[in-house]
Amino acid sequence: MAEEINRGSSMESTESRWVIQDDDDDDSDLENFDADLRFGRHHSVVDSEEEEDNAEQRLIRTGPRIDSFDVEALEVPGAHRSDYEDISLGKKIVLAFQTLGVVFGDVGTSPLYTFSVMFRKAPINGNEDILGALSLVLYTLILIPLLKYVLVVLLANDDGEGGTFALYSLICRHAKVSLLPNQLPSDARISSFRLKVPSPELERSLKIKERLENSLTLKKTLLILVLAGTSMVIANGVVTPAMSVLSSVGGLKVGVDVIQKDEVVMISVACLIILFSVQKYGTSKVGLAVGPALFLWFCSLAGIGIYNLVKYDNSVLRAFNPIHIYYFFQRNSTKAWYSLGGCLLSATGSEAMFADLCYFSVRSVQLSFVFLVLPCLLLGYLGQAAYLMENHADAGQVFFSSVPSGAFWPIFLIANIAALIASRAMTTATFSCIKQSTALGCFPRLKIIHTSRKFMGQIYIPVINWFLLGLSLVLVCTISSIDEIGNAYGIAELGVMMMTTILVTLVMLLIWQIHIIIVLSFVVVFLGLELTFFSSVLWSVTDGSWIILVFSIIMFLIMYVWNYGSNLKYETEVKRKLSSDLMRELGCNLGTVRAPGIGLLYNELVKGIPAIFGHFLTTLPAIHSMIIFVSIKYVPVPMVPQSERFLFRRVCPKSYHIFRCIARYGYKDVRKENHQTFEQLLIESLEKFIRREAQERSLESDGDDDSDSEDEYPGSRVLIGPNGSVYSLGVPLLSDFKDTSNPVLEASTSELISSVFPEASVFDAEQSLESELSFIHKAKESGVVYLLGHGDIRARKNSWFIKKLVINYFYAFLRKNCRRGITTLSVPHSNLMQVSMTYMV
């Protein structure tokens, strides 16, 4: 792909086109034209909005759009790549070992409570019921964790990243379905995009892409599905610790007859506090520490299962015949349907395998599950069923009752450690999903701590960690019944499973482009199965499990309100952006001087001049001699290579010394640089961009002997640069800073024409380059100031009540309490200057 990019760049540097150009030199026109050049399209570009304003248009000859796409940025110390392709075999084995403690803890501890919940809802009336329940569990494990997740869903990862937002990012990269209007054609030139362009013969994929891009309703529906799935993942992070710890500690009732329910709850509370307190030590450290414990746990499951099969009844192997599922429903009818909620608990943690994928490689997860986890789970369930064939009365605590008496306490200890580890599986998955949603503008910014220097996907979010702890404690203390918590568990798990099924189906249609029969089979089998399970758990929602639904709805509303407010704010700033003509008027009339130094104006706009800059000009008596509009933008890829991090553009003619810098990050990227490193990185990249720009212009002028005569409009006061920009010969913005001892340059338009234009044809390009680089160095030595423009939004007085409530209260509260983006750079207060604006929407 890099070769294709270089070929595209060489083409742009040698070819020029005639286009219609408005007086207002807008980035969107040139962005579109840049994209057209890459694909060989030849047509004029007209800005429809400015056409409505009757802006003057003219036909000009334009060369390539010069930007900094090929400029190599400096490597940021400590920012390591987080892929797993280059690690040694020994590290791959260690990585696979860690998956036991992080990914499979949840599904590995399901034998603690699956049969107990099933047989409370459908009591045992004969051995045929045991065979039917066992057959249900076996085929649930085979269909959902193995066939759906390990063999299909894990392959839909976004360059090693899993979860609902990774799927959404993957879809956004192949179709313009994001609601935030900040997409640039140059984003698709990032090498990590790696797009698979739909084949011409597969018209279905093209039609789906076109339908998604042209339908606002479908875009919103897709976003709602993603947000609903993510809210269920967060809900899983609450209910998983409560269920796992409470069921494992409940084994004390088998070993100690005098233990009471309240004592079990208090011990569970203590275990949960310990669990969330060690979360900050990171996945690698904790994974290595608890990996051996999980390995012992799975070996214990297999050992106990084999022991019970040999001692009691190995005829339970007949449960692999699915006919026993039919007999189970025939004998129990409605009760069997109720028990489906308990059966689903055997597959809980399946989503964690996908959501936690960022911590490990796909191959390590697949191998660990197929060759260790699944066989041990099957043996464990077979052993419990064999024990129940002769001990129907012990169905309430079947796991601990089936443990040989001499091994009870060691197994009890291992089971509790495994339950604590299982609780971490969905907690780490929650951290990953929240980071992804934050990067894609669907969750308020929070402090994120990276716990590994080698693997950047391993993170810890303190606020979410303690938030999950608090809610888990509330759940354990208020709903201490395993049945009710298990039902809540099923609701949260099924919600995210169904959303994943729908999103993977869209990936199959849009990206994989596989046969429609395979797609329909996937949807019918898995979505039908999950809807059947969901109908069972939803029927029992009137017990305490409704709490988890309420919590999921609250999390969904938080994400939706944040996304809605952020999009509304961005769209408003786009509408209020300043035109180049207005900039010239401000430069002539304000009388503001240019002070030495560099001003980095942070704003979310990726096109046009932000309105907040006009607020700076009208508020301050002086502005810096060099202005750089910095936009931190997240693109729908996991990582952006350092060499493609920055995209520079000139906003105005050279004399203005105003640039735009778009710093592009993937949702998996780490912003660990301090402000000095960031400044050095930015200035070095800017210098390389200016050198490349000068080189491109030199090649353009050498290739066209008549360029001087064609660049001038007869009778006009406009100079057309070789990159296609329309340079006004009016007074430069606020006048250039030259020297404090010299007066500010004030020249009329006619004087500039007579003095500047005759020299343009003989101006030494090399001298001009060195002069501009020297200007940058002097400005850098004078200091860098961060100009922060805080744009707030308020609903108009005549807006609907719901809109006022959402914008003026809910969104305002979230924005006030979220983490500011500038805090990542740790900029001293002496280098900050802030101006706020309020937009009425």
# chains A, B, ... in the order shown; residues from 1 in each chain; ligands from 1
>>> residues_around(residues="Ser437 in chain A", least_positions_apart="4", cutoff="12 Å", atoms="only C-alpha atoms", output="PyMOL selection string")
chain A and resi 163-169+223+226-231+233-234+430-433+441-446+556+558-560+562-563+634+636+666-668
>>> write_last_selection(atoms="C-alpha atoms", output="mmCIF file, in the first residue's frame")
data_model
loop_
_atom_site.group_PDB
_atom_site.id
_atom_site.type_symbol
_atom_site.label_atom_id
_atom_site.label_comp_id
_atom_site.auth_asym_id
_atom_site.auth_seq_id
_atom_site.Cartn_x
_atom_site.Cartn_y
_atom_site.Cartn_z
ATOM 1 C CA GLY A 163 -15.561 -5.683 21.098
ATOM 2 C CA THR A 164 -18.636 -3.929 19.774
ATOM 3 C CA PHE A 165 -16.844 -0.647 19.092
ATOM 4 C CA ALA A 166 -14.080 -2.442 17.209
ATOM 5 C CA LEU A 167 -16.769 -3.865 14.919
ATOM 6 C CA TYR A 168 -18.286 -0.391 14.572
ATOM 7 C CA SER A 169 -14.887 1.070 13.699
ATOM 8 C CA LEU A 223 -24.986 3.600 16.444
ATOM 9 C CA VAL A 226 -23.378 -0.368 19.196
ATOM 10 C CA LEU A 227 -24.194 1.770 22.240
ATOM 11 C CA ALA A 228 -26.697 -0.817 23.493
ATOM 12 C CA GLY A 229 -24.115 -3.582 23.156
ATOM 13 C CA THR A 230 -21.484 -1.524 24.966
ATOM 14 C CA SER A 231 -23.869 -0.696 27.804
ATOM 15 C CA VAL A 233 -20.721 -5.061 28.369
ATOM 16 C CA ILE A 234 -20.437 -2.518 31.174
ATOM 17 C CA THR A 430 -15.175 -3.048 30.178
ATOM 18 C CA PHE A 431 -11.986 -0.965 30.274
ATOM 19 C CA SER A 432 -11.252 -1.838 26.654
ATOM 20 C CA CYS A 433 -14.767 -0.998 25.428
ATOM 21 C CA GLY A 441 -16.673 10.155 20.584
ATOM 22 C CA CYS A 442 -19.274 8.072 22.408
ATOM 23 C CA PHE A 443 -18.128 8.328 26.041
ATOM 24 C CA PRO A 444 -16.837 11.214 28.203
ATOM 25 C CA ARG A 445 -13.039 11.333 28.480
ATOM 26 C CA LEU A 446 -11.616 9.629 31.568
ATOM 27 C CA PHE A 556 -26.822 3.830 27.188
ATOM 28 C CA ILE A 558 -24.951 8.626 29.051
ATOM 29 C CA MET A 559 -23.227 7.477 25.859
ATOM 30 C CA TYR A 560 -26.031 8.622 23.568
ATOM 31 C CA TRP A 562 -22.521 12.537 24.962
ATOM 32 C CA ASN A 563 -22.461 11.508 21.302
ATOM 33 C CA TYR A 634 -9.343 9.912 16.168
ATOM 34 C CA PRO A 636 -11.497 4.511 12.819
ATOM 35 C CA GLY A 666 -6.258 5.444 16.363
ATOM 36 C CA TYR A 667 -8.536 4.359 19.189
ATOM 37 C CA LYS A 668 -5.769 2.038 20.420
#
>>> closest_residue(among="A:Phe616, A:Ala418, A:Leu154, A:Phe115", to="Phe295 in chain A", atoms="only C-alpha atoms")
A:Ala418
>>> atom_distance(atom1="CA of Gly251 in chain A", atom2="CA of Leu549 in chain A")
28.3 Å
>>> closest_residue(among="A:Ile518, A:Pro462, A:Leu309, A:Ser643", to="Leu681 in chain A", atoms="only C-alpha atoms")
A:Ser643
>>> atom_distance(atom1="CA of Asn798 in chain A", atom2="CA of Leu180 in chain A")
25.1 Å
>>> atom_distance(atom1="CA of Met232 in chain A", atom2="CA of Tyr338 in chain A")
21.6 Å
>>> select_by_dssp(residues="range 560-706 of chain A", states="strand (DSSP E or B)", output="PyMOL selection string")
chain A and resi 578+593-602+609+622-635+646-650+658-666
>>> write_last_selection(atoms="C-alpha atoms", output="compact mmCIF listing (two decimals), in the first residue's frame")
# COMPACT_ATOMS: atom_id res chain seq x y z
CA LEU A 578 -14.58 31.97 9.56
CA VAL A 593 0.03 43.32 16.31
CA ARG A 594 1.91 40.06 15.91
CA ALA A 595 3.93 39.20 19.01
CA PRO A 596 6.92 36.82 18.85
CA GLY A 597 6.19 33.18 19.59
CA ILE A 598 4.06 30.27 18.47
CA GLY A 599 0.41 29.91 19.39
CA LEU A 600 -1.09 26.42 19.26
CA LEU A 601 -4.83 26.88 19.03
CA TYR A 602 -6.60 23.66 19.95
CA ILE A 609 -10.83 28.57 10.44
CA ALA A 622 -1.72 40.96 20.18
CA ILE A 623 -1.50 37.55 18.63
CA HIS A 624 1.52 35.33 18.09
CA SER A 625 3.68 35.65 15.01
CA MET A 626 2.92 32.05 14.10
CA ILE A 627 -0.45 30.37 14.61
CA ILE A 628 -1.04 26.63 14.27
CA PHE A 629 -4.58 25.27 14.50
CA VAL A 630 -4.14 21.89 16.18
CA SER A 631 -6.90 19.32 15.90
CA ILE A 632 -6.62 16.01 17.78
CA LYS A 633 -8.58 13.59 15.65
CA TYR A 634 -9.34 9.91 16.17
CA VAL A 635 -9.74 7.91 12.99
CA PHE A 646 0.53 14.66 11.41
CA LEU A 647 -1.22 16.29 8.48
CA PHE A 648 -0.16 19.90 7.85
CA ARG A 649 -1.82 22.45 5.61
CA ARG A 650 -1.38 26.16 5.00
CA ILE A 658 -0.88 30.28 9.84
CA PHE A 659 -1.01 26.50 9.55
CA ARG A 660 -3.40 23.70 10.35
CA CYS A 661 -2.11 20.55 12.01
CA ILE A 662 -4.32 17.46 12.32
CA ALA A 663 -2.81 15.00 14.78
CA ARG A 664 -4.39 11.67 13.91
CA TYR A 665 -4.66 8.87 16.44
CA GLY A 666 -6.26 5.44 16.36
>>> closest_atom_pairs(of="range 332-377 of chain A", to="range 144-148 of chain A", cutoff="8 Å", atoms="only C-alpha atoms", output="tab-separated table")
residue	atom	partner	partner_atom	distance
A:Ala347	CA	A:Pro145	CA	6.3
A:Ser350	CA	A:Pro145	CA	5.2
A:Val370	CA	A:Leu146	CA	7.7
>>> residues_around(residues="Gly565 in chain A", least_positions_apart="3", cutoff="8 Å", atoms="only C-alpha atoms", output="VMD selection string")
chain A and resid 561 to 562 568 to 569 807 811
>>> write_last_selection(atoms="C-alpha atoms", output="PDB file, in the first residue's frame")
ATOM      1  CA  VAL A 561     -26.282  12.073  25.184  1.00  0.00           C
ATOM      2  CA  TRP A 562     -22.521  12.537  24.962  1.00  0.00           C
ATOM      3  CA  LEU A 568     -24.203  18.959  17.650  1.00  0.00           C
ATOM      4  CA  LYS A 569     -21.294  21.031  18.951  1.00  0.00           C
ATOM      5  CA  ILE A 807     -28.162  19.937  26.255  1.00  0.00           C
ATOM      6  CA  TYR A 811     -24.623  17.087  28.410  1.00  0.00           C
TER       7      TYR A 811
END
>>> residues_around(residues="range 391-408 of chain A", least_positions_apart="3", cutoff="10 Å", atoms="only C-alpha atoms", output="compact mmCIF listing (two decimals) with C-alpha atoms, in the first residue's frame")
# COMPACT_ATOMS: atom_id res chain seq x y z
CA PRO A 111 -19.65 -24.96 36.41
CA LEU A 112 -19.94 -23.45 39.88
CA TYR A 113 -23.53 -22.36 39.30
CA THR A 114 -24.95 -23.52 35.93
CA PHE A 115 -26.65 -26.75 37.03
CA SER A 116 -27.66 -25.24 40.38
CA VAL A 117 -29.66 -22.47 38.66
CA MET A 118 -31.10 -24.82 36.01
CA PHE A 119 -32.45 -27.36 38.48
CA ARG A 120 -33.92 -24.70 40.76
CA PRO A 123 -36.48 -29.64 39.46
CA ILE A 124 -35.20 -33.14 38.70
CA ASN A 125 -38.00 -35.69 38.21
CA GLY A 126 -35.82 -38.46 36.81
CA ASN A 127 -32.49 -39.24 35.23
CA ILE A 130 -30.38 -34.77 33.99
CA SER A 247 -21.37 -18.68 44.08
CA SER A 248 -17.82 -19.70 45.03
CA GLY A 250 -21.46 -20.17 48.85
CA GLY A 251 -19.55 -23.45 48.86
CA LEU A 252 -18.94 -22.86 52.56
CA LYS A 253 -22.51 -24.05 53.15
CA VAL A 254 -21.39 -27.51 52.02
CA GLY A 255 -18.17 -27.63 54.06
CA SER A 300 -9.26 -29.82 38.79
CA LEU A 301 -12.46 -29.59 36.73
CA GLY A 303 -9.96 -34.46 37.27
CA ILE A 304 -13.20 -34.23 39.28
CA GLY A 305 -15.21 -34.93 36.13
CA TYR A 307 -13.47 -39.23 38.94
CA ASN A 308 -17.27 -38.86 38.98
CA TYR A 312 -20.98 -42.98 39.49
CA GLY A 380 -16.56 -30.96 34.43
CA TYR A 381 -20.22 -30.88 33.37
CA GLY A 383 -18.87 -35.37 36.00
CA GLN A 384 -21.49 -33.26 37.74
CA ALA A 385 -24.26 -34.95 35.75
CA ALA A 386 -22.83 -38.39 36.62
CA TYR A 387 -22.89 -37.46 40.33
CA LEU A 388 -26.50 -36.22 40.08
CA ILE A 411 -10.73 -27.29 45.62
CA PHE A 412 -12.72 -24.70 47.58
CA LEU A 413 -9.62 -22.48 47.80
CA ILE A 414 -8.83 -22.89 44.10
CA ALA A 415 -12.49 -22.23 43.21
>>> closest_residue(among="A:Ala779, A:Leu420, A:Met497, A:Ile434", to="Gln279 in chain A", atoms="only C-alpha atoms")
A:Leu420
>>> closest_residue(among="A:Leu367, A:Leu617, A:Leu510, A:Ala355", to="Asn236 in chain A", atoms="only C-alpha atoms")
A:Ala355
>>> closest_residue(among="A:Cys299, A:Val806, A:Leu374, A:Leu832", to="Ile793 in chain A", atoms="only C-alpha atoms")
A:Val806
